[in-house]
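Structure file target_16.cif; described as mmCIF, N, CA and C atoms.
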data_coords
#
loop_
_atom_site.label_atom_id
_atom_site.label_comp_id
_atom_site.auth_asym_id
_atom_site.auth_seq_id
_atom_site.Cartn_x
_atom_site.Cartn_y
_atom_site.Cartn_z
N MET A 13 -46.50 36.18 -166.48
CA MET A 13 -47.19 35.04 -167.06
C MET A 13 -46.99 33.83 -166.15
N ALA A 14 -48.04 33.12 -165.88
CA ALA A 14 -47.97 31.93 -165.03
C ALA A 14 -47.24 30.81 -165.76
N PRO A 15 -46.48 30.01 -165.02
CA PRO A 15 -45.76 28.90 -165.66
C PRO A 15 -46.73 27.84 -166.16
N GLU A 16 -46.36 27.19 -167.26
CA GLU A 16 -47.17 26.11 -167.81
C GLU A 16 -46.84 24.77 -167.17
N VAL A 17 -45.61 24.66 -166.64
CA VAL A 17 -45.14 23.40 -166.07
C VAL A 17 -44.46 23.70 -164.74
N SER A 18 -44.67 22.82 -163.78
CA SER A 18 -43.98 22.91 -162.50
C SER A 18 -43.05 21.71 -162.37
N VAL A 19 -41.80 21.99 -162.06
CA VAL A 19 -40.82 20.94 -161.80
C VAL A 19 -40.69 20.86 -160.28
N ILE A 20 -41.05 19.71 -159.72
CA ILE A 20 -41.02 19.52 -158.27
C ILE A 20 -39.80 18.67 -157.94
N VAL A 21 -38.96 19.18 -157.03
CA VAL A 21 -37.73 18.48 -156.66
C VAL A 21 -37.70 18.34 -155.14
N GLY A 22 -37.55 17.12 -154.67
CA GLY A 22 -37.34 16.88 -153.25
C GLY A 22 -35.86 16.65 -153.00
N THR A 23 -35.32 17.25 -151.93
CA THR A 23 -33.90 17.09 -151.64
C THR A 23 -33.70 16.72 -150.18
N PHE A 24 -32.62 16.00 -149.95
CA PHE A 24 -32.12 15.72 -148.60
C PHE A 24 -30.65 15.34 -148.72
N ASN A 25 -29.79 16.21 -148.22
CA ASN A 25 -28.34 15.95 -148.22
C ASN A 25 -27.83 15.50 -149.59
N CYS A 26 -28.14 16.25 -150.62
CA CYS A 26 -27.78 15.80 -151.98
C CYS A 26 -27.05 16.87 -152.77
N ALA A 27 -26.24 17.67 -152.13
CA ALA A 27 -25.54 18.78 -152.80
C ALA A 27 -24.75 18.31 -154.01
N ARG A 28 -24.17 17.13 -153.95
CA ARG A 28 -23.32 16.68 -155.06
C ARG A 28 -24.11 16.41 -156.34
N PHE A 29 -25.42 16.23 -156.23
CA PHE A 29 -26.26 15.98 -157.40
C PHE A 29 -26.86 17.25 -157.99
N LEU A 30 -26.84 18.33 -157.26
CA LEU A 30 -27.50 19.56 -157.71
C LEU A 30 -26.88 20.17 -158.97
N PRO A 31 -25.56 20.17 -159.15
CA PRO A 31 -25.02 20.73 -160.40
C PRO A 31 -25.59 20.03 -161.65
N GLY A 32 -25.77 18.74 -161.59
CA GLY A 32 -26.36 18.01 -162.71
C GLY A 32 -27.82 18.39 -162.93
N LEU A 33 -28.55 18.59 -161.85
CA LEU A 33 -29.94 19.03 -161.96
C LEU A 33 -30.02 20.39 -162.60
N TRP A 34 -29.20 21.34 -162.12
CA TRP A 34 -29.23 22.69 -162.69
C TRP A 34 -28.85 22.66 -164.17
N ALA A 35 -27.83 21.88 -164.52
CA ALA A 35 -27.41 21.79 -165.93
C ALA A 35 -28.55 21.27 -166.80
N CYS A 36 -29.24 20.26 -166.32
CA CYS A 36 -30.36 19.69 -167.08
C CYS A 36 -31.47 20.71 -167.25
N LEU A 37 -31.85 21.38 -166.19
CA LEU A 37 -32.93 22.34 -166.28
C LEU A 37 -32.55 23.57 -167.11
N ASP A 38 -31.30 24.02 -166.97
CA ASP A 38 -30.85 25.18 -167.74
C ASP A 38 -30.76 24.87 -169.23
N ALA A 39 -30.61 23.61 -169.59
CA ALA A 39 -30.47 23.22 -170.99
C ALA A 39 -31.81 23.06 -171.71
N GLN A 40 -32.90 23.16 -170.98
CA GLN A 40 -34.20 22.97 -171.61
C GLN A 40 -34.51 24.11 -172.58
N THR A 41 -35.08 23.77 -173.72
CA THR A 41 -35.47 24.80 -174.67
C THR A 41 -36.84 25.39 -174.31
N PHE A 42 -37.68 24.60 -173.67
CA PHE A 42 -38.96 25.09 -173.15
C PHE A 42 -38.65 25.86 -171.87
N ARG A 43 -39.03 27.11 -171.79
CA ARG A 43 -38.62 27.95 -170.66
C ARG A 43 -39.75 28.33 -169.72
N ASN A 44 -40.99 28.04 -170.05
CA ASN A 44 -42.09 28.49 -169.21
C ASN A 44 -42.38 27.48 -168.11
N PHE A 45 -41.41 27.34 -167.21
CA PHE A 45 -41.60 26.43 -166.09
C PHE A 45 -41.08 27.06 -164.81
N GLU A 46 -41.61 26.57 -163.71
CA GLU A 46 -41.13 26.97 -162.39
C GLU A 46 -40.45 25.76 -161.76
N ILE A 47 -39.54 26.04 -160.84
CA ILE A 47 -38.85 24.97 -160.12
C ILE A 47 -39.18 25.14 -158.64
N VAL A 48 -39.86 24.15 -158.09
CA VAL A 48 -40.21 24.15 -156.67
C VAL A 48 -39.35 23.07 -156.01
N VAL A 49 -38.51 23.50 -155.08
CA VAL A 49 -37.63 22.57 -154.38
C VAL A 49 -38.07 22.49 -152.92
N VAL A 50 -38.31 21.27 -152.46
CA VAL A 50 -38.66 21.05 -151.07
C VAL A 50 -37.48 20.34 -150.42
N ASP A 51 -36.78 21.06 -149.56
CA ASP A 51 -35.66 20.46 -148.83
C ASP A 51 -36.21 19.81 -147.57
N ASP A 52 -35.95 18.52 -147.44
CA ASP A 52 -36.50 17.71 -146.35
C ASP A 52 -35.57 17.73 -145.13
N ALA A 53 -35.25 18.94 -144.65
CA ALA A 53 -34.43 19.15 -143.45
C ALA A 53 -33.02 18.60 -143.61
N SER A 54 -32.35 18.98 -144.69
CA SER A 54 -30.97 18.54 -144.92
C SER A 54 -30.09 18.94 -143.74
N THR A 55 -29.11 18.09 -143.45
CA THR A 55 -28.22 18.32 -142.30
C THR A 55 -26.76 18.42 -142.71
N ASP A 56 -26.46 18.32 -144.00
CA ASP A 56 -25.07 18.28 -144.43
C ASP A 56 -24.41 19.65 -144.55
N GLY A 57 -25.18 20.74 -144.44
CA GLY A 57 -24.61 22.07 -144.53
C GLY A 57 -24.30 22.53 -145.94
N GLU A 58 -24.26 21.63 -146.89
CA GLU A 58 -23.93 21.97 -148.27
C GLU A 58 -25.18 22.10 -149.15
N THR A 59 -26.15 21.25 -148.92
CA THR A 59 -27.34 21.24 -149.77
C THR A 59 -28.08 22.56 -149.69
N LEU A 60 -28.34 23.02 -148.49
CA LEU A 60 -29.08 24.26 -148.32
C LEU A 60 -28.33 25.44 -148.94
N ALA A 61 -27.02 25.49 -148.75
CA ALA A 61 -26.22 26.58 -149.35
C ALA A 61 -26.31 26.54 -150.87
N ALA A 62 -26.26 25.35 -151.46
CA ALA A 62 -26.35 25.22 -152.91
C ALA A 62 -27.73 25.62 -153.42
N LEU A 63 -28.76 25.32 -152.66
CA LEU A 63 -30.11 25.71 -153.05
C LEU A 63 -30.30 27.22 -152.94
N GLU A 64 -29.84 27.79 -151.85
CA GLU A 64 -29.98 29.23 -151.65
C GLU A 64 -29.19 30.02 -152.69
N ALA A 65 -28.11 29.44 -153.19
CA ALA A 65 -27.30 30.11 -154.21
C ALA A 65 -28.08 30.30 -155.51
N ARG A 66 -29.11 29.53 -155.73
CA ARG A 66 -29.94 29.68 -156.94
C ARG A 66 -30.85 30.89 -156.86
N GLY A 67 -30.98 31.47 -155.69
CA GLY A 67 -31.76 32.69 -155.52
C GLY A 67 -33.20 32.53 -155.94
N ASP A 68 -33.69 33.53 -156.67
CA ASP A 68 -35.10 33.51 -157.06
C ASP A 68 -35.39 32.66 -158.30
N ARG A 69 -34.40 31.92 -158.77
CA ARG A 69 -34.64 31.02 -159.91
C ARG A 69 -35.39 29.77 -159.47
N ILE A 70 -35.44 29.54 -158.15
CA ILE A 70 -36.22 28.42 -157.62
C ILE A 70 -37.11 28.95 -156.51
N ARG A 71 -38.16 28.21 -156.23
CA ARG A 71 -38.96 28.48 -155.03
C ARG A 71 -38.57 27.40 -154.03
N LEU A 72 -37.94 27.81 -152.95
CA LEU A 72 -37.41 26.88 -151.97
C LEU A 72 -38.34 26.79 -150.77
N ILE A 73 -38.73 25.56 -150.46
CA ILE A 73 -39.51 25.27 -149.26
C ILE A 73 -38.62 24.44 -148.35
N ARG A 74 -38.41 24.94 -147.15
CA ARG A 74 -37.53 24.24 -146.20
C ARG A 74 -38.36 23.59 -145.11
N ARG A 75 -38.24 22.29 -145.02
CA ARG A 75 -38.90 21.56 -143.93
C ARG A 75 -37.97 21.59 -142.71
N THR A 76 -38.52 21.71 -141.53
CA THR A 76 -37.71 21.76 -140.31
C THR A 76 -37.46 20.38 -139.72
N ALA A 77 -38.27 19.41 -140.11
CA ALA A 77 -38.10 18.04 -139.64
C ALA A 77 -38.14 17.11 -140.84
N ASN A 78 -37.24 16.15 -140.87
CA ASN A 78 -37.18 15.19 -141.97
C ASN A 78 -38.40 14.29 -141.93
N SER A 79 -39.01 14.10 -143.09
CA SER A 79 -40.23 13.30 -143.17
C SER A 79 -39.95 11.80 -143.16
N GLY A 80 -38.75 11.42 -143.55
CA GLY A 80 -38.42 10.00 -143.63
C GLY A 80 -38.98 9.32 -144.88
N THR A 81 -39.62 10.09 -145.74
CA THR A 81 -40.18 9.55 -146.98
C THR A 81 -39.89 10.52 -148.12
N CYS A 82 -40.10 10.08 -149.33
CA CYS A 82 -39.99 11.00 -150.46
C CYS A 82 -41.37 11.55 -150.84
N GLU A 83 -42.42 10.89 -150.39
CA GLU A 83 -43.77 11.30 -150.77
C GLU A 83 -44.18 12.64 -150.18
N LEU A 84 -43.95 12.84 -148.90
CA LEU A 84 -44.41 14.06 -148.24
C LEU A 84 -43.80 15.32 -148.85
N PRO A 85 -42.48 15.40 -149.06
CA PRO A 85 -41.95 16.59 -149.73
C PRO A 85 -42.49 16.77 -151.15
N ARG A 86 -42.67 15.69 -151.85
CA ARG A 86 -43.21 15.78 -153.22
C ARG A 86 -44.62 16.35 -153.19
N TYR A 87 -45.48 15.84 -152.31
CA TYR A 87 -46.84 16.35 -152.22
C TYR A 87 -46.86 17.80 -151.76
N GLN A 88 -45.95 18.16 -150.87
CA GLN A 88 -45.86 19.55 -150.42
C GLN A 88 -45.48 20.45 -151.59
N GLY A 89 -44.57 20.00 -152.43
CA GLY A 89 -44.19 20.76 -153.61
C GLY A 89 -45.34 20.90 -154.59
N VAL A 90 -46.09 19.84 -154.78
CA VAL A 90 -47.24 19.88 -155.69
C VAL A 90 -48.27 20.89 -155.19
N ARG A 91 -48.51 20.90 -153.88
CA ARG A 91 -49.47 21.86 -153.32
C ARG A 91 -49.00 23.30 -153.52
N ALA A 92 -47.69 23.53 -153.52
CA ALA A 92 -47.15 24.88 -153.68
C ALA A 92 -47.01 25.30 -155.13
N ALA A 93 -47.14 24.37 -156.05
CA ALA A 93 -46.94 24.65 -157.48
C ALA A 93 -48.02 25.60 -158.00
N GLN A 94 -47.61 26.40 -158.97
CA GLN A 94 -48.55 27.35 -159.60
C GLN A 94 -49.14 26.80 -160.89
N ALA A 95 -48.45 25.88 -161.55
CA ALA A 95 -48.95 25.36 -162.83
C ALA A 95 -49.88 24.19 -162.61
#

Please express what this file holds, its structure, as structure tokens.
Amino acid sequence: MAPEVSVIVGTFNCARFLPGLWACLDAQTFRNFEIVVVDDASTDGETLAALEARGDRIRLIRRTANSGTCELPRYQGVRAAQA
């Protein structure tokens, strides 16, 4: 079944915030959603590992060059969304 809602998340060197994000999303009672994460070329070594640890529970898009904005990763996530 296709998701009814797409949650688009842009990340860049933000591993310390991801546990809170996962807790919030896991606590939702509405379950028919997808999570699309666009990593904007993180360089801290922790963010990518934390994202990959989520496995197939997220759709991860990895940018190879940092965009310098929050808009480009967000639009990229929206284009990749199924809902």

* To do: Can you work out the spacing between atom N of Cys26 of chain A and atom N of Gly67 of chain A in Å, to one decimal?
  => 16.3 Å

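For Ser79 of chain A, the set of protein, DNA and RNA residues having any atom at most 12 Å away, when counting only C-alpha atoms and skipping those fewer than 6 positions along the same chain, is Gly22, Thr23, Phe24, Val50, Asp51, Asp52, Ala53, Ser54, Pro85, Arg86, Tyr87 and Gln88 of chain A.
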
* Could you state the separation of atom CA of Glu58 of chain A and atom CA of Asn44 of chain A in Å, given to one decimal place? -> 28.5 Å

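Take atom C of Ala93 of chain A and atom CA of Ile70 of chain A: the distance between them is 12.1 Å.
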
* When the PyMOL selection byres ((chain A and resi 18) around 8) is applied to the file above, which residues end up in the set, as a PyMOL selection string? -> chain A and resi 15-17+19-21+44-48+93-95

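The shell of residues at most 6 Å from Thr59 of chain A, with only C-alpha atoms counted and near chain neighbours (fewer than 2 positions) removed, consists of Asn25, Cys26, Ala27, Gly57, Ala61 and Ala62 of chain A.
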
Give me a file of those residues, with N, CA and C atoms, as a JSON list (two decimals), keeping the file's coordinate frame.
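The resulting file, out.json, is shown below:
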[["chain", "number", "residue", "atom", "x", "y", "z"],
["A", 25, "ASN", "N", -29.79, 16.21, -148.22],
["A", 25, "ASN", "CA", -28.34, 15.95, -148.22],
["A", 25, "ASN", "C", -27.83, 15.50, -149.59],
["A", 26, "CYS", "N", -28.14, 16.25, -150.62],
["A", 26, "CYS", "CA", -27.78, 15.80, -151.98],
["A", 26, "CYS", "C", -27.05, 16.87, -152.77],
["A", 27, "ALA", "N", -26.24, 17.67, -152.13],
["A", 27, "ALA", "CA", -25.54, 18.78, -152.80],
["A", 27, "ALA", "C", -24.75, 18.31, -154.01],
["A", 57, "GLY", "N", -25.18, 20.74, -144.44],
["A", 57, "GLY", "CA", -24.61, 22.07, -144.53],
["A", 57, "GLY", "C", -24.30, 22.53, -145.94],
["A", 61, "ALA", "N", -27.02, 25.49, -148.75],
["A", 61, "ALA", "CA", -26.22, 26.58, -149.35],
["A", 61, "ALA", "C", -26.31, 26.54, -150.87],
["A", 62, "ALA", "N", -26.26, 25.35, -151.46],
["A", 62, "ALA", "CA", -26.35, 25.22, -152.91],
["A", 62, "ALA", "C", -27.73, 25.62, -153.42]]

* Asked: What residues have an atom no more than 7 Å from (-35.0, 28.9, -146.5) in the file's own frame, counting only C-alpha atoms, and can you write them as a list in words?
  ->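 Selection result: Leu72, Ile73 and Arg74 of chain A.
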
* **DSSP helix (DSSP H, G or I) selection over chain A, as a ChimeraX atom specification** => /A:27-38,59-64,67-69,83-92

* Asked: Among chain A, which ones does DSSP place in strand (DSSP E or B), written as an NGL selection string?
  -> :A and (17-23 or 45-51 or 71-74)

Once 3 Å is added on each side, what are the centre and the three edge lengths, in Å to one decimal, of the axis-aligned box enclosing the listed atoms of segment 61-77 of chain A? Present them as JSON.
{"center_x": -32.9, "center_y": 25.3, "center_z": -149.8, "size_x": 19.3, "size_y": 22.4, "size_z": 26.3}

* To do: Can you work out which one of A:Arg28, A:Cys82, A:Thr41, A:Cys36 has the shortest atom-to-atom distance to Leu60 of chain A, counting only C-alpha atoms?
  => A:Arg28
